[in-house]
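J.: Input: one structure, supplied below.
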Amino acid sequence: MNQTAVDKLAEDILLLLREPQGSIVPLGELAAKCMVSLLEINGGLARLGEWGYEFNITTTDACLMAIPDVLTETEISYGLNTNSIGNRILAYRRVGSTNDLAAERANEGADNGTVIIAEEQTKGRGRLGRHWYSAPSSGAYLSILLRPPFTPDRAPGVSLLTGLALIECLQSYCPGAVQIKWPNDVYINGKKVAGILTELSAESDNIHHLVVGMGININQTDSDFPTEISHLATSVSIACGREINRIELVRTFLQKFETEYESFCTDGLTGCIDRLRRYSYLNGRQVTLVSGNRTIEGKAVGIGPDGALLVEKDGETMAITCGEVTVTNH
């Protein structure tokens with residue numbers, strides 16, 4: 001069998017062994033269901049071992065004992081309950097930027113909902129060209145390719161709905177501690193746990209594609225962060241004091257993202273604006289906001305119905321649709 005055929009056989013064997021995990025399955029049964037020889041079954045099991053799966057194997061049967069914490073298409077797809085998001089998942093060990101790869105795939109005609117995910121990025125980036133530190137095998141660095149039905153003027157709302165989907169995913173790990181820092185950061189206990197970067201290819205009234213990228217700090221320890229950001233960054237694991245199953249977290253996020261995105265396509269931010277306001281990290285804080293050539297200092301007082309940040313200064317409330325925000329008091 002060539003490598004592609006062995007890989008496909010390995011995935012077929014995996015599906016048969018994991019229902020439920022820990023069940024003992026005769027090798028002859030695996031061979032019959034996969035319509036291959038016992039020798040080929042042993043080759044498929046060996047390939048799964050190379051991928052990090054652990055088995056109890058005898059001369060007559062096999063039992064799946066442990067699943068590796070590796071972000072693969074097979075694992076993320078297993079049990080993923082979505083209509084389109086993640087219908088195709090391209091998983092990599094190491095890439096430059098998942099957003100760049102997603103844009104390349106978009107230009108090649110990839111479908112709406114395609115997900116690019118990596119264990120490590122060497123050229124991960126945030127807003128304004130900043131570097132996003134992407135520690136290997138501890139976070140999740142992913143991009144979702146969208147082909148939206150709405151016009152470009154509505155695209156900024158996608159960053160907010162993405163943050164909301166991630167917050168509601170992380171609430172199950174750190175209840176009450178997760179907030180969104182307008183417009184594109186997610187915080188746990190006042191420290192940054194994730195960043196979101198949306199990149200658009202469009203004409204004046206038509207979106208060709210929209211790439212939603214994010215870096216999520218999941219199992220990093222304090223020592224994993226560079227010194228210059230260690231006081232600003234955190235991970236889900238640090239916040240809740242235990243190691244996190246990254247596959248389950250990513251799968252849950254993709255499902256929540258699809259729910260929010262489908263609602264947004266129909267009704268804009270109407271269905272989520274109250275939750276965005278409730279989770280806002282900036283609400284009530286003094287902020288400095290740089291928007292274009294303007295620098296505005298005031299008090300953040302909320303989020304408008306269109307997703308704009310509301311800033312109060314000298315008794316006047318301004319709605320800011322884009323900009324860089326710095327908190328000037330805590």
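To be explicit about the labels: the chains of the structure tokens are called A, B, and onward in the order shown, and within each one the residues are counted from 1, while ligands get numbers from 1 in the order they are shown.
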Identify, on the basis of only C-alpha atoms, every residue whose closest approach to Val186 of chain A does not exceed 10 Å; exclude the query and any residue fewer than 5 positions from it along the same chain; express the result as a VMD selection string.

T.: chain A and resid 162 to 164 166 to 167 170 178 to 181 191 to 196 216 279 to 281

J.: Quick check for you: according to DSSP on this backbone, which residues of segment 75-294 of chain A are classed as helix (DSSP H, G or I)? Reply as JSON, numbers by chain.

T.: {"A": [75, 76, 77, 98, 99, 100, 101, 102, 103, 104, 105, 106, 107, 127, 128, 129, 152, 153, 154, 157, 158, 159, 160, 161, 162, 163, 164, 165, 166, 167, 168, 169, 170, 222, 223, 224, 236, 237, 238, 239, 240, 246, 247, 248, 249, 250, 251, 252, 253, 254, 255, 256, 257, 258, 259, 260, 261, 262, 263, 264, 265, 266, 267, 273, 274, 275, 276, 277, 278]}

J.: One number please: atom CA of Leu9 of chain A to atom CA of Cys34 of chain A, in Å, one decimal.

T.: 7.4 Å

J.: Need the shell around Arg285 of chain A: protein/DNA/RNA residues with any atom at most 10 Å away, counting only C-alpha atoms. Skip same-chain ones fewer than 3 positions apart. Format as a PDB file with all heavy atoms, in the first residue's frame?

T.:
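Below you can see selection-v1.pdb, which holds the result:
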ATOM      1  N   TYR A 281     -14.720  44.335  28.471  1.00  0.00           N
ATOM      2  CA  TYR A 281     -13.635  44.637  29.405  1.00  0.00           C
ATOM      3  C   TYR A 281     -13.465  46.146  29.591  1.00  0.00           C
ATOM      4  O   TYR A 281     -13.042  46.615  30.650  1.00  0.00           O
ATOM      5  CB  TYR A 281     -12.333  44.029  28.868  1.00  0.00           C
ATOM      6  CG  TYR A 281     -11.095  44.398  29.636  1.00  0.00           C
ATOM      7  CD1 TYR A 281     -10.810  43.808  30.864  1.00  0.00           C
ATOM      8  CD2 TYR A 281     -10.191  45.341  29.136  1.00  0.00           C
ATOM      9  CE1 TYR A 281      -9.662  44.145  31.568  1.00  0.00           C
ATOM     10  CE2 TYR A 281      -9.046  45.684  29.832  1.00  0.00           C
ATOM     11  CZ  TYR A 281      -8.782  45.083  31.048  1.00  0.00           C
ATOM     12  OH  TYR A 281      -7.656  45.414  31.745  1.00  0.00           O
ATOM     13  N   LEU A 282     -13.799  46.920  28.575  1.00  0.00           N
ATOM     14  CA  LEU A 282     -13.535  48.357  28.611  1.00  0.00           C
ATOM     15  C   LEU A 282     -14.600  49.162  29.345  1.00  0.00           C
ATOM     16  O   LEU A 282     -14.356  50.313  29.728  1.00  0.00           O
ATOM     17  CB  LEU A 282     -13.406  48.900  27.187  1.00  0.00           C
ATOM     18  CG  LEU A 282     -12.231  48.377  26.354  1.00  0.00           C
ATOM     19  CD1 LEU A 282     -12.299  48.966  24.950  1.00  0.00           C
ATOM     20  CD2 LEU A 282     -10.900  48.705  27.013  1.00  0.00           C
ATOM     21  N   THR A 288      -7.588  55.666  26.066  1.00  0.00           N
ATOM     22  CA  THR A 288      -7.061  56.491  24.981  1.00  0.00           C
ATOM     23  C   THR A 288      -7.249  55.702  23.703  1.00  0.00           C
ATOM     24  O   THR A 288      -6.839  54.546  23.608  1.00  0.00           O
ATOM     25  CB  THR A 288      -5.574  56.805  25.183  1.00  0.00           C
ATOM     26  OG1 THR A 288      -5.413  57.538  26.392  1.00  0.00           O
ATOM     27  CG2 THR A 288      -5.036  57.627  24.021  1.00  0.00           C
ATOM     28  N   GLY A 298     -11.156  59.450  26.874  1.00  0.00           N
ATOM     29  CA  GLY A 298     -12.465  59.532  27.507  1.00  0.00           C
ATOM     30  C   GLY A 298     -12.774  58.271  28.271  1.00  0.00           C
ATOM     31  O   GLY A 298     -11.890  57.455  28.556  1.00  0.00           O
ATOM     32  N   LYS A 299     -14.033  58.106  28.566  1.00  0.00           N
ATOM     33  CA  LYS A 299     -14.499  56.952  29.330  1.00  0.00           C
ATOM     34  C   LYS A 299     -15.327  56.049  28.420  1.00  0.00           C
ATOM     35  O   LYS A 299     -16.275  56.495  27.784  1.00  0.00           O
ATOM     36  CB  LYS A 299     -15.346  57.424  30.513  1.00  0.00           C
ATOM     37  CG  LYS A 299     -15.875  56.318  31.393  1.00  0.00           C
ATOM     38  CD  LYS A 299     -16.703  56.906  32.535  1.00  0.00           C
ATOM     39  CE  LYS A 299     -17.257  55.828  33.448  1.00  0.00           C
ATOM     40  NZ  LYS A 299     -18.071  56.416  34.548  1.00  0.00           N
ATOM     41  N   ALA A 300     -14.945  54.780  28.350  1.00  0.00           N
ATOM     42  CA  ALA A 300     -15.727  53.818  27.568  1.00  0.00           C
ATOM     43  C   ALA A 300     -17.024  53.529  28.311  1.00  0.00           C
ATOM     44  O   ALA A 300     -17.009  53.125  29.475  1.00  0.00           O
ATOM     45  CB  ALA A 300     -14.938  52.538  27.358  1.00  0.00           C
ATOM     46  N   VAL A 301     -18.141  53.743  27.635  1.00  0.00           N
ATOM     47  CA  VAL A 301     -19.436  53.603  28.315  1.00  0.00           C
ATOM     48  C   VAL A 301     -20.322  52.525  27.690  1.00  0.00           C
ATOM     49  O   VAL A 301     -21.447  52.317  28.145  1.00  0.00           O
ATOM     50  CB  VAL A 301     -20.195  54.953  28.347  1.00  0.00           C
ATOM     51  CG1 VAL A 301     -19.454  55.959  29.221  1.00  0.00           C
ATOM     52  CG2 VAL A 301     -20.405  55.499  26.932  1.00  0.00           C
ATOM     53  N   VAL A 311     -17.641  56.172  23.550  1.00  0.00           N
ATOM     54  CA  VAL A 311     -16.698  56.851  24.436  1.00  0.00           C
ATOM     55  C   VAL A 311     -17.275  58.205  24.822  1.00  0.00           C
ATOM     56  O   VAL A 311     -17.687  58.993  23.966  1.00  0.00           O
ATOM     57  CB  VAL A 311     -15.319  57.034  23.752  1.00  0.00           C
ATOM     58  CG1 VAL A 311     -14.364  57.785  24.675  1.00  0.00           C
ATOM     59  CG2 VAL A 311     -14.737  55.681  23.370  1.00  0.00           C
ATOM     60  N   THR A 326      -6.166  51.900  24.338  1.00  0.00           N
ATOM     61  CA  THR A 326      -5.308  51.645  25.488  1.00  0.00           C
ATOM     62  C   THR A 326      -6.047  52.059  26.737  1.00  0.00           C
ATOM     63  O   THR A 326      -6.623  53.160  26.791  1.00  0.00           O
ATOM     64  CB  THR A 326      -3.993  52.443  25.398  1.00  0.00           C
ATOM     65  OG1 THR A 326      -3.335  52.117  24.168  1.00  0.00           O
ATOM     66  CG2 THR A 326      -3.063  52.111  26.575  1.00  0.00           C
ATOM     67  N   VAL A 327      -6.046  51.194  27.735  1.00  0.00           N
ATOM     68  CA  VAL A 327      -6.684  51.543  29.007  1.00  0.00           C
ATOM     69  C   VAL A 327      -5.709  52.403  29.798  1.00  0.00           C
ATOM     70  O   VAL A 327      -4.556  52.059  29.997  1.00  0.00           O
ATOM     71  CB  VAL A 327      -7.042  50.256  29.809  1.00  0.00           C
ATOM     72  CG1 VAL A 327      -7.612  50.622  31.176  1.00  0.00           C
ATOM     73  CG2 VAL A 327      -8.043  49.426  29.022  1.00  0.00           C
ATOM     74  N   THR A 328      -6.207  53.554  30.279  1.00  0.00           N
ATOM     75  CA  THR A 328      -5.339  54.474  31.009  1.00  0.00           C
ATOM     76  C   THR A 328      -5.547  54.416  32.511  1.00  0.00           C
ATOM     77  O   THR A 328      -4.846  55.058  33.268  1.00  0.00           O
ATOM     78  CB  THR A 328      -5.566  55.921  30.517  1.00  0.00           C
ATOM     79  OG1 THR A 328      -6.963  56.228  30.563  1.00  0.00           O
ATOM     80  CG2 THR A 328      -5.075  56.067  29.100  1.00  0.00           C
ATOM     81  N   ASN A 329      -6.561  53.632  32.963  1.00  0.00           N
ATOM     82  CA  ASN A 329      -6.664  53.329  34.397  1.00  0.00           C
ATOM     83  C   ASN A 329      -7.272  51.942  34.539  1.00  0.00           C
ATOM     84  O   ASN A 329      -7.929  51.443  33.644  1.00  0.00           O
ATOM     85  CB  ASN A 329      -7.511  54.374  35.140  1.00  0.00           C
ATOM     86  CG  ASN A 329      -9.000  54.198  34.895  1.00  0.00           C
ATOM     87  OD1 ASN A 329      -9.415  53.806  33.816  1.00  0.00           O
ATOM     88  ND2 ASN A 329      -9.792  54.523  35.904  1.00  0.00           N
ATOM     89  N   HIS A 330      -7.026  51.287  35.648  1.00  0.00           N
ATOM     90  CA  HIS A 330      -7.501  49.909  35.850  1.00  0.00           C
ATOM     91  C   HIS A 330      -8.412  49.841  37.052  1.00  0.00           C
ATOM     92  O   HIS A 330      -8.410  50.694  37.901  1.00  0.00           O
ATOM     93  CB  HIS A 330      -6.293  48.966  36.044  1.00  0.00           C
ATOM     94  CG  HIS A 330      -5.425  48.878  34.815  1.00  0.00           C
ATOM     95  ND1 HIS A 330      -5.648  47.967  33.817  1.00  0.00           N
ATOM     96  CD2 HIS A 330      -4.341  49.604  34.443  1.00  0.00           C
ATOM     97  CE1 HIS A 330      -4.729  48.117  32.870  1.00  0.00           C
ATOM     98  NE2 HIS A 330      -3.936  49.099  33.226  1.00  0.00           N
TER      99      HIS A 330
END

J.: Please determine, counting only C-alpha atoms, which residue among A:Thr82, A:Asn99, A:Thr58, A:Ser138 has the shortest atom-to-atom distance to Gly113 of chain A.

T.: A:Thr82

J.: Have a look at atom CA of Gly22 of chain A and atom CA of Trp51 of chain A and let me know their distance in Å, one decimal.

T.: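 Taking atom CA of Gly22 of chain A as the start and atom CA of Trp51 of chain A as the end point, the length is 18.1 Å.
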
J.: Set the distance at 12 Å and use only C-alpha atoms: which residues neighbour Arg18 of chain A once local chain neighbours fewer than 5 positions away are removed? I'd like the list as a PyMOL selection string.

T.: chain A and resi 11-13+23-25+53-55+62-67+75+78-79

J.: One number please: atom CA of Ala140 of chain A to atom CA of Leu254 of chain A, in Å, one decimal.

T.: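 For atom CA of Ala140 of chain A relative to atom CA of Leu254 of chain A, the distance reads 12.1 Å.
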
J.: Going by DSSP on the backbone, which bits of segment 101-223 of chain A are strand (DSSP E or B)? Write them as a ChimeraX atom specification, please.

T.: /A:115-121,125,131,140-146,178-181,185-188,191-203,206-216

J.: Between A:Ala177, A:Ser97, A:Leu269, A:Val287, single out the one closest to Met214 of chain A, counting only C-alpha atoms.

T.: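 Of A:Ala177, A:Ser97, A:Leu269, A:Val287, the one nearest Met214 of chain A is A:Ser97, counting only C-alpha atoms.
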
J.: Of the candidates A:Gln220, A:Gly49, A:Thr321, A:Leu160, which shows the shortest atom-to-atom distance to Cys272 of chain A, using only C-alpha atoms?

T.: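 So, comparing all the options, the nearest one is A:Leu160.
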
J.: Which residue out of A:Ser143, A:Gln171, A:Thr270, A:Thr198 has the minimum interatomic distance to Thr98 of chain A when only C-alpha atoms are used?

T.: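 Answer, going by the shortest atom-to-atom distance: A:Ser143.
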
J.: With a distance cut-off of 7 Å and only C-alpha atoms, select the neighbouring residues of Ile320 of chain A, excluding the residue or stretch itself and same-chain residues fewer than 2 positions from it, and output the selection as a list in words.

T.: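 Surrounding residues, per the criterion: Ala308, Leu309, Leu310, Met318 and Cys322 of chain A.
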
J.: Could you give me, as an MDAnalysis selection string, the residues within 9 Å of Asn107 of chain A, counting only C-alpha atoms and dropping anything in the same chain fewer than 4 positions from it?

T.: chainID A and resid 102:103 209

J.: Taking only C-alpha atoms into account, which of A:Glu297, A:Glu324, A:Asp61, A:Asp224 comes nearest Asn42 of chain A?

T.: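 Closest candidate: A:Asp61.
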
J.: Extract, using only C-alpha atoms, all DNA, RNA and protein residues at most 9 Å from Leu200 of chain A, discarding same-chain residues fewer than 6 positions from it, and format them as a ChimeraX atom specification.

T.: /A:152,155,207-212
